[in-house]
$ cat structure28.cif   # mmCIF, C-alpha atoms
data_final
#
loop_
_atom_site.label_atom_id
_atom_site.label_comp_id
_atom_site.auth_asym_id
_atom_site.auth_seq_id
_atom_site.Cartn_x
_atom_site.Cartn_y
_atom_site.Cartn_z
CA MET S 23 104.65 118.92 142.38
CA THR S 24 108.36 118.49 143.08
CA LEU S 25 110.70 121.41 143.66
CA THR S 26 114.14 120.55 142.22
CA VAL S 27 117.34 122.24 143.37
CA ASP S 28 120.34 121.61 141.09
CA LEU S 29 123.79 122.23 142.58
CA VAL S 30 127.41 121.50 141.66
CA GLU S 31 129.89 119.83 143.99
CA HIS S 32 131.75 122.53 145.95
CA GLY S 33 129.88 125.10 143.83
CA ARG S 34 127.59 128.01 144.52
CA PRO S 35 125.07 127.52 147.34
CA GLY S 36 121.34 127.44 146.75
CA THR S 37 118.34 128.48 148.82
CA VAL S 38 115.19 126.48 149.47
CA ASP S 39 112.16 126.44 151.75
CA LEU S 40 112.12 123.37 154.01
CA SER S 41 109.99 122.09 156.85
CA ASP S 42 111.65 121.13 160.14
CA GLU S 43 111.43 117.44 159.15
CA GLN S 44 113.01 118.06 155.75
CA CYS S 45 115.77 120.13 157.32
CA GLU S 46 116.63 117.39 159.84
CA ALA S 47 116.55 114.70 157.14
CA LEU S 48 118.89 116.75 154.93
CA ARG S 49 121.34 117.10 157.79
CA ARG S 50 121.33 113.34 158.30
CA VAL S 51 121.85 112.60 154.60
CA LYS S 52 124.90 114.94 154.52
CA ILE S 53 124.73 115.63 150.80
CA ALA S 54 125.17 119.34 151.49
CA GLY S 55 125.70 121.75 154.35
CA ILE S 56 122.64 123.61 155.54
CA SER S 57 122.21 126.88 157.45
CA PRO S 58 119.09 128.96 158.22
CA ILE S 59 118.43 132.25 156.46
CA SER S 60 115.02 132.95 157.95
CA ARG S 61 112.27 130.81 159.41
CA GLY S 62 111.62 127.95 156.98
CA ARG S 63 114.22 129.14 154.46
CA TYR S 64 117.70 127.62 154.28
CA ARG S 65 120.99 128.08 152.48
CA ILE S 66 122.35 124.81 151.03
CA LYS S 67 126.09 124.61 150.39
CA PRO S 68 127.25 121.57 148.35
CA GLY S 69 130.41 119.85 149.59
CA GLN S 70 132.28 116.69 148.61
CA LYS S 71 129.18 114.49 148.25
CA VAL S 72 127.30 114.05 144.97
CA GLY S 73 123.98 112.43 144.14
CA SER S 74 120.23 112.99 144.33
CA VAL S 75 118.01 113.09 147.41
CA ARG S 76 114.21 113.44 147.57
CA LEU S 77 112.81 114.93 150.77
CA GLY S 78 109.06 114.73 150.36
CA GLY S 79 108.27 117.36 147.70
CA VAL S 80 111.85 118.66 147.41
CA GLN S 81 114.59 117.02 145.35
CA ILE S 82 118.21 118.12 145.70
CA ASN S 83 120.68 117.15 142.98
CA VAL S 84 124.43 117.68 143.44
CA ARG S 85 126.37 116.77 140.32
CA PRO S 86 130.13 116.29 140.07
CA LYS S 87 132.08 119.37 139.04
CA ILE S 88 133.56 117.62 136.01
CA ALA S 89 130.94 115.05 134.93
CA GLU S 90 127.21 114.40 134.78
CA LEU S 91 125.38 112.51 137.52
CA ASN S 92 124.40 109.62 135.23
CA ARG S 93 128.07 108.93 134.50
CA ILE S 94 128.68 107.92 138.12
CA LEU S 95 127.28 104.45 137.46
CA PHE S 96 129.62 103.99 134.50
CA PHE S 97 132.62 104.89 136.67
CA ILE S 98 131.47 102.50 139.41
CA GLY S 99 130.62 99.59 137.15
CA TYR S 100 133.34 99.73 134.50
CA SER S 101 136.14 98.28 136.62
CA SER S 102 134.05 95.26 137.58
CA ASN S 103 133.02 94.32 134.03
CA PRO S 104 134.12 96.54 131.11
CA ALA S 105 132.19 94.56 128.48
CA ILE S 106 128.86 95.14 130.25
CA TRP S 107 129.37 98.75 131.29
CA ARG S 108 130.61 100.07 127.93
CA ASP S 109 127.16 99.24 126.51
CA GLU S 110 125.37 100.13 129.72
CA PHE S 111 126.64 103.71 129.61
CA VAL S 112 124.96 104.28 126.25
CA ARG S 113 121.64 103.46 127.92
CA LEU S 114 122.46 105.41 131.07
CA ALA S 115 123.05 108.58 129.06
CA LYS S 116 119.42 108.44 127.91
CA ALA S 117 117.97 108.14 131.43
CA ASP S 118 116.47 111.34 132.78
CA GLY S 119 118.02 111.57 136.23
CA LEU S 120 119.94 109.38 138.65
CA PHE S 121 116.95 107.49 140.08
CA PRO S 122 115.78 106.23 136.65
CA ALA S 123 119.36 105.41 135.58
CA VAL S 124 119.96 103.21 138.63
CA ALA S 125 116.57 101.49 138.37
CA GLU S 126 116.82 100.81 134.64
CA SER S 127 120.36 99.39 134.96
CA PHE S 128 119.25 97.20 137.86
CA VAL S 129 116.32 95.81 135.84
CA ARG S 130 118.53 95.00 132.84
CA LEU S 131 121.27 93.32 134.88
CA ALA S 132 118.78 91.38 137.00
CA SER S 133 116.96 90.13 133.89
CA ASP S 134 120.27 88.92 132.44
CA ALA S 135 121.22 87.21 135.72
CA PHE S 136 117.83 85.47 136.06
CA GLY S 137 117.75 84.34 132.41
CA ARG S 138 118.60 80.75 133.40
CA GLY S 139 116.48 80.82 136.54
CA LEU S 140 117.33 81.77 140.10
CA LEU S 141 120.68 80.73 141.48
CA ARG S 142 120.30 77.97 144.05
CA GLY S 143 122.58 76.53 146.67
CA TYR S 144 122.69 74.40 149.79
CA ARG S 145 121.70 76.06 153.03
CA SER S 146 122.04 74.45 156.44
CA THR S 147 118.85 74.64 158.56
CA ALA S 148 118.42 73.81 162.23
CA ASP S 149 114.91 72.81 163.32
CA SER S 150 112.82 70.65 165.65
CA LEU S 151 110.68 68.15 163.74
CA SER S 152 108.45 65.16 164.44
CA VAL S 153 110.58 62.97 162.16
CA VAL S 154 114.33 62.60 161.61
CA ARG S 155 115.70 64.63 158.74
CA GLY S 156 119.40 65.06 158.13
CA ARG S 157 121.50 64.91 161.32
CA VAL S 158 120.18 64.67 164.87
CA ARG S 159 121.61 67.37 167.15
CA PHE S 160 121.99 65.18 170.25
CA GLN S 161 123.26 67.95 172.55
CA GLU S 162 120.29 70.13 171.61
CA GLN S 163 117.90 67.18 172.02
CA ILE S 164 119.11 66.56 175.55
CA THR S 165 119.41 70.18 176.79
CA ARG S 166 116.44 71.81 175.04
CA ASN S 167 114.02 68.94 174.45
CA TYR S 168 114.88 67.19 177.73
CA GLY S 169 115.51 63.85 175.97
CA LEU S 170 111.87 63.48 174.89
CA PRO S 171 111.35 61.40 171.73
CA VAL S 172 109.65 64.30 169.88
CA PRO S 173 110.20 66.90 168.69
CA ILE S 174 113.59 65.86 167.35
CA ALA S 175 116.36 68.49 167.11
CA VAL S 176 117.82 68.08 163.62
CA GLU S 177 120.02 69.87 161.12
CA TYR S 178 119.66 69.34 157.38
CA ASP S 179 120.78 70.87 154.07
CA ASP S 180 118.23 72.32 151.67
CA PHE S 181 118.93 73.02 147.99
CA THR S 182 117.14 76.34 147.81
CA ALA S 183 117.01 79.73 146.13
CA ASP S 184 116.84 81.38 149.56
CA ILE S 185 120.58 82.09 149.60
CA PRO S 186 122.58 85.26 150.44
CA GLU S 187 123.00 86.33 146.79
CA ASN S 188 119.24 86.41 146.16
CA ARG S 189 118.58 88.07 149.50
CA VAL S 190 120.94 90.93 148.63
CA ILE S 191 119.30 91.42 145.22
CA LEU S 192 115.86 91.41 146.85
CA LEU S 193 116.96 94.05 149.35
CA ALA S 194 118.18 96.27 146.52
CA ALA S 195 114.95 95.76 144.53
CA LEU S 196 112.86 96.75 147.54
CA ARG S 197 115.04 99.80 148.11
CA LEU S 198 114.53 100.89 144.51
CA LEU S 199 110.77 100.35 144.70
CA SER S 200 110.73 102.94 147.49
CA MET S 201 112.47 105.51 145.27
CA PRO S 202 110.60 108.26 143.38
CA ASP S 203 110.63 109.04 139.65
CA ILE S 204 111.94 105.68 138.43
CA GLY S 205 109.35 105.45 135.69
CA ILE S 206 106.30 103.24 135.21
CA GLY S 207 108.12 100.72 133.02
CA ALA S 208 111.04 100.27 135.43
CA ARG S 209 108.67 100.06 138.39
CA GLN S 210 106.68 97.32 136.69
CA GLN S 211 109.87 95.40 135.95
CA LEU S 212 111.03 95.83 139.55
CA SER S 213 107.69 94.45 140.73
CA ARG S 214 108.20 91.47 138.41
CA ILE S 215 111.66 90.89 139.93
CA ARG S 216 110.08 91.14 143.38
CA ALA S 217 107.60 88.43 142.36
CA ILE S 218 110.40 86.18 141.02
CA LEU S 219 112.08 86.51 144.42
CA ASP S 220 108.88 85.84 146.31
CA GLU S 221 110.26 82.77 148.16
CA ILE S 222 113.36 84.68 149.34
CA THR S 223 113.56 85.81 152.94
CA ILE S 224 113.43 89.60 153.40
CA VAL S 225 116.23 90.70 155.70
CA SER S 226 115.31 93.38 158.21
CA PRO S 227 117.24 96.69 157.91
CA ARG S 228 118.44 96.06 161.48
CA GLU S 229 120.01 92.72 160.52
CA ARG S 230 123.46 92.32 159.05
CA ARG S 231 123.48 92.18 155.26
CA PRO S 232 123.81 88.58 153.94
CA ALA S 233 127.43 87.68 153.18
CA TYR S 234 128.54 85.82 150.08
CA GLY S 235 131.71 85.30 148.06
CA LEU S 236 132.11 85.58 144.30
CA ASN S 237 132.95 82.25 142.68
CA ARG S 238 132.41 80.30 139.46
CA LEU S 239 128.95 79.17 140.62
CA ASN S 240 127.55 82.70 141.01
CA LEU S 241 129.56 84.30 138.17
CA ARG S 242 126.41 85.16 136.20
CA TYR S 243 125.25 87.20 139.22
CA ARG S 244 128.45 89.28 139.42
CA ASP S 245 127.13 92.45 137.78
CA ILE S 246 123.74 92.55 139.48
CA LEU S 247 125.35 91.82 142.85
CA GLY S 248 127.84 94.64 142.28
CA LEU S 249 125.08 97.12 141.48
CA SER S 250 122.97 95.83 144.40
CA GLU S 251 125.85 96.54 146.77
CA VAL S 252 126.19 100.05 145.31
CA ILE S 253 122.47 100.66 145.86
CA LEU S 254 122.53 99.39 149.44
CA ASP S 255 125.80 101.16 150.34
CA ASN S 256 124.89 104.54 148.86
CA SER S 257 121.13 104.89 149.25
CA SER S 258 120.51 107.55 151.85
CA PHE S 259 117.28 106.31 153.43
CA GLY S 260 114.77 104.71 151.10
CA GLN S 261 112.24 104.77 153.92
CA GLN S 262 110.05 106.96 156.08
CA HIS S 263 111.77 109.52 158.29
CA GLY S 264 108.92 110.08 160.71
CA PRO S 265 106.03 111.31 158.54
CA LEU S 266 108.45 112.30 155.76
CA ALA S 267 109.34 110.03 152.82
CA VAL S 268 113.10 110.32 152.22
CA SER S 269 115.08 108.53 149.53
CA GLY S 270 118.13 109.03 147.38
CA PHE S 271 121.68 108.16 146.48
CA VAL S 272 124.74 109.88 147.91
CA PHE S 273 128.31 109.17 146.73
CA ASP S 274 131.85 110.26 147.55
CA MET S 275 133.07 111.39 144.13
CA TRP S 276 136.75 111.26 145.12
CA LYS S 277 136.46 107.53 145.92
CA ILE S 278 134.55 106.77 142.72
CA TYR S 279 137.20 108.61 140.69
CA GLU S 280 140.16 106.95 142.36
CA ASP S 281 138.65 103.46 142.07
CA PHE S 282 137.75 104.01 138.41
CA VAL S 283 141.16 105.37 137.42
CA THR S 284 143.05 102.65 139.29
CA GLY S 285 140.91 99.88 137.81
CA ALA S 286 140.90 101.24 134.26
CA ILE S 287 144.65 101.94 134.22
CA SER S 288 145.34 98.44 135.58
CA MET S 289 143.27 96.86 132.82
CA ALA S 290 145.02 98.98 130.18
CA MET S 291 148.45 97.97 131.53
CA GLN S 292 147.70 94.24 131.40
CA GLN S 293 148.24 94.15 127.63
CA PHE S 294 151.92 94.97 128.25
CA GLY S 295 152.49 92.26 130.86
CA GLY S 296 153.11 92.55 134.58
CA HIS S 297 150.72 92.78 137.49
CA PRO S 298 149.67 95.12 140.31
CA LYS S 299 151.27 94.72 143.73
CA THR S 300 148.93 94.58 146.70
CA GLN S 301 148.82 97.63 148.93
CA LYS S 302 149.60 95.68 152.10
CA ASP S 303 153.15 95.00 150.85
CA HIS S 304 154.39 98.61 151.00
CA TYR S 305 156.39 100.01 153.91
CA MET S 306 158.69 103.03 154.12
CA ASP S 307 161.02 101.80 156.84
CA ALA S 308 163.21 98.70 157.16
CA ALA S 309 161.26 97.54 160.23
CA SER S 310 157.98 97.54 158.24
CA ARG S 311 156.21 99.85 160.67
CA ILE S 312 155.40 102.83 158.44
CA LYS S 313 152.93 101.72 155.82
CA PHE S 314 152.19 103.66 152.66
CA ILE S 315 149.37 103.04 150.22
CA PRO S 316 149.75 104.27 146.63
CA ASP S 317 146.73 103.61 144.45
CA LEU S 318 148.69 101.43 142.03
CA VAL S 319 152.17 99.90 141.88
CA TRP S 320 152.77 97.99 138.64
CA CYS S 321 155.40 95.23 138.76
CA ASN S 322 157.13 92.94 136.28
CA ALA S 323 156.97 89.14 136.40
CA ASP S 324 159.68 89.06 139.09
CA GLY S 325 157.73 91.44 141.35
CA ASP S 326 160.03 94.43 140.77
CA PRO S 327 158.19 97.80 140.61
CA LEU S 328 157.92 99.33 137.14
CA ALA S 329 155.59 102.26 137.85
CA VAL S 330 153.70 103.95 140.67
CA VAL S 331 150.41 105.78 140.07
CA ASP S 332 148.18 107.85 142.35
CA ALA S 333 144.75 109.14 141.25
CA LYS S 334 143.86 112.53 142.72
CA TYR S 335 140.38 114.02 142.66
CA LYS S 336 140.14 117.60 143.92
CA ALA S 337 136.80 119.32 143.53
CA GLU S 338 138.42 122.31 145.20
CA LYS S 339 142.05 123.23 145.84
CA PRO S 340 142.89 122.63 149.52
CA LYS S 341 145.72 124.29 151.37
CA GLY S 342 149.07 122.88 150.29
CA PHE S 343 147.82 121.81 146.85
CA PRO S 344 149.59 120.49 144.80
CA GLU S 345 152.78 120.41 146.88
CA VAL S 346 151.46 117.77 149.31
CA ASP S 347 150.68 115.41 146.41
CA LEU S 348 154.19 115.91 145.02
CA TYR S 349 155.81 115.24 148.41
CA GLN S 350 153.77 112.05 148.71
CA MET S 351 154.73 110.81 145.25
CA LEU S 352 158.39 111.69 145.89
CA ALA S 353 158.30 109.44 148.97
CA TYR S 354 156.73 106.60 146.96
CA CYS S 355 159.41 106.82 144.25
CA SER S 356 162.24 106.97 146.78
CA VAL S 357 161.10 103.85 148.65
CA LEU S 358 160.23 101.87 145.51
CA GLY S 359 163.48 102.81 143.77
CA LEU S 360 161.70 104.41 140.79
CA LYS S 361 162.90 107.39 138.79
CA GLU S 362 159.39 108.43 137.75
CA GLY S 363 156.03 108.80 139.46
CA HIS S 364 152.61 109.59 138.00
CA LEU S 365 149.77 111.65 139.46
CA ILE S 366 146.49 111.45 137.53
CA TYR S 367 144.17 114.39 138.18
CA ALA S 368 140.67 114.92 136.88
CA LYS S 369 140.87 117.65 134.23
CA GLY S 370 140.16 121.00 135.78
CA ASN S 371 141.95 120.11 139.03
CA GLU S 372 145.56 120.51 137.90
CA PRO S 373 147.10 121.09 134.45
CA ALA S 374 149.29 118.40 132.90
CA THR S 375 152.88 119.18 133.81
CA THR S 376 156.20 117.57 134.73
CA HIS S 377 158.35 118.27 137.78
CA ALA S 378 162.03 117.31 137.76
CA ILE S 379 163.09 117.06 141.41
CA LYS S 380 166.51 118.49 142.28
CA THR S 381 169.49 116.30 143.31
CA CYS S 382 167.60 112.96 143.44
CA ASN S 383 167.01 112.40 139.71
CA ILE S 384 163.28 111.74 140.19
CA THR S 385 160.63 113.11 137.82
CA ILE S 386 156.96 113.42 138.75
CA HIS S 387 154.43 113.59 135.92
CA CYS S 388 151.03 115.20 136.51
CA HIS S 389 148.44 113.99 133.98
CA ALA S 390 144.95 115.43 133.39
CA LEU S 391 142.07 113.06 132.58
CA ASP S 392 138.95 114.56 131.00
CA LEU S 393 135.96 112.76 132.56
CA ALA S 394 133.53 114.70 130.36
CA LEU S 395 134.69 112.81 127.25
CA PRO S 396 132.43 110.11 125.77
CA PRO S 397 133.32 106.72 127.30
CA ASN S 398 135.16 105.34 124.26
CA ALA S 399 137.29 108.48 123.97
CA LEU S 400 137.93 108.46 127.73
CA LEU S 401 139.06 104.83 127.64
CA LYS S 402 141.32 105.54 124.66
CA ASN S 403 142.95 108.30 126.70
CA ILE S 404 143.46 105.86 129.56
CA ASP S 405 145.01 103.32 127.19
CA SER S 406 147.36 106.01 125.85
CA LEU S 407 148.21 107.01 129.42
CA ALA S 408 149.10 103.40 130.29
CA ARG S 409 151.47 103.29 127.31
CA THR S 410 153.09 106.54 128.40
CA ILE S 411 153.55 105.36 131.99
CA LEU S 412 155.14 102.06 130.92
CA HIS S 413 157.07 103.66 128.01
CA LYS S 414 155.46 101.39 125.43
#

$ encode --input "structure28.cif" --output "structure tokens"
Amino acid sequence: MTLTVDLVEHGRPGTVDLSDEQCEALRRVKIAGISPISRGRYRIKPGQKVGSVRLGGVQINVRPKIAELNRILFFIGYSSNPAIWRDEFVRLAKADGLFPAVAESFVRLASDAFGRGLLRGYRSTADSLSVVRGRVRFQEQITRNYGLPVPIAVEYDDFTADIPENRVILLAALRLLSMPDIGIGARQQLSRIRAILDEITIVSPRERRPAYGLNRLNLRYRDILGLSEVILDNSSFGQQHGPLAVSGFVFDMWKIYEDFVTGAISMAMQQFGGHPKTQKDHYMDAASRIKFIPDLVWCNADGDPLAVVDAKYKAEKPKGFPEVDLYQMLAYCSVLGLKEGHLIYAKGNEPATTHAIKTCNITIHCHALDLALPPNALLKNIDSLARTILHK
């Protein structure tokens, strides 16, 4: 039987009985702070991480202060492919917990990607063979094989499914198969995906993750590769920690929020023309030594800034809030030559308000975005916000 502890990001602490192994594993996962109350009993204080972690017979869930855990995947996936993730969220909302939601999404996206068979590509292989195949590596033949006629050091190209994209998907599938509570149906589908990828090399956890680039050839893999990277980047262990089975997903909610808002606002602004300016182009001083990185600078066709936007997620109010954010936005507007700047907070962090700055004729707008809204209503709000920012 599993003991479940439900907490809220930066919320009230909980108490739970843990073994020494569970306590050490929880410290390593860093989903929450932990301090002893008495022998075997601990106080768990949620911080800035959110997610679900299973430590043997104990599961700890930390949900975002202003959204449900299942919605995390929608925020992560929407910017990469809105058409897929609008529909995907409807299914995610029905999943009972984060583990099933991730597994079920992975199965659906993998099935779509594999619909036309596994992606294949050319892979260069170096080998020593009894016959010539491909190109002879003469230097290798002389130094390693001492000039003997056989074996022959060769290098050849294979058209194979054993390519980095499939290796990454296989790694993610194996990680999910080690997770608890993903459901019999999803587990069976994951096992089927594992069988489809049977000829793919399994990369050791100690090896570097296979590298690939997105292009027109692997476009149909884009969504499953994106989710695979999320699984591999954010899964806490997915393996044995000594005698203890530990698995889970841990996320930085502030990063998820900022990436989602920046991506969604950018897509909403595209209908009005213009384009985002890359972050590496922004400097405060004439010598280009002091770099600054707003989340989004929207420019016209000539590259002139039209708007500057910063997404701010605050699960708690730190010292200097919100003045520090206003100082930062004031600096952005001054350097970019803009009369308005926009801070987008998650609702509950900071009320919507407007600050007219003295003497410099700069106005800073603080907007509040309600993440608890249904996706369609949330995206309508973002579209309305884009119109407001660009005065359309």

$ resolve_selection --input "structure28.cif" --expression "the PyMOL selection byres ((chain S and resi 270-283) around 8)" --output "MDAnalysis selection string"
chainID S and resid 51 53 70:76 86 94 97:98 100:101 121 201 253 256:260 268:269 284:287 317 333:336

$ resolve_selection --input "structure28.cif" --expression "the PyMOL selection byres ((chain S and resi 357) around 10)" --output "ChimeraX atom specification"
/S:304-307,314,352-356,358-360

$ axis_aligned_box --input "structure28.cif" --around "segment 61-78 of chain S" --padding-each-side "8 Å" --output "AutoDock Vina command-line options"
--center_x 120.7 --center_y 121.6 --center_z 151.8 --size_x 39.2 --size_y 34.4 --size_z 31.3

$ atom_distance --input "structure28.cif" --atom1 "atom CA of Arg49 of chain S" --atom2 "atom CA of Val225 of chain S"
27.0 Å

$ residues_around --input "structure28.cif" --residues "Leu25 of chain S" --least-positions-apart "5" --cutoff "12 Å" --atoms "all atoms listed in the file" --output "CSV table (one decimal) with C-alpha atoms, in the frame of the given file"
chain,number,residue,atom,x,y,z
S,37,THR,CA,118.3,128.5,148.8
S,38,VAL,CA,115.2,126.5,149.5
S,39,ASP,CA,112.2,126.4,151.8
S,40,LEU,CA,112.1,123.4,154.0
S,75,VAL,CA,118.0,113.1,147.4
S,76,ARG,CA,114.2,113.4,147.6
S,77,LEU,CA,112.8,114.9,150.8
S,78,GLY,CA,109.1,114.7,150.4
S,79,GLY,CA,108.3,117.4,147.7
S,80,VAL,CA,111.8,118.7,147.4
S,81,GLN,CA,114.6,117.0,145.4
S,82,ILE,CA,118.2,118.1,145.7
S,83,ASN,CA,120.7,117.2,143.0

$ atom_distance --input "structure28.cif" --atom1 "atom CA of Asp203 of chain S" --atom2 "atom CA of Thr26 of chain S"
12.3 Å

$ atom_distance --input "structure28.cif" --atom1 "atom CA of Leu192 of chain S" --atom2 "atom CA of Arg85 of chain S"
28.2 Å

$ resolve_selection --input "structure28.cif" --expression "the PyMOL selection byres ((chain S and resi 242) around 12)" --output "number ranges by chain"
S: 103, 106, 131-141, 187, 236-241, 243-248

$ residues_around --input "structure28.cif" --residues "Arg214 of chain S" --least-positions-apart "3" --cutoff "12 Å" --atoms "only C-alpha atoms" --output "PyMOL selection string"
chain S and resi 129+132-133+136+192+195-196+199+207-211+217-220

$ closest_residue --input "structure28.cif" --among "S:Asp28, S:Phe96, S:Ala47, S:Cys388" --to "Pro68 of chain S" --atoms "all atoms listed in the file"
S:Asp28
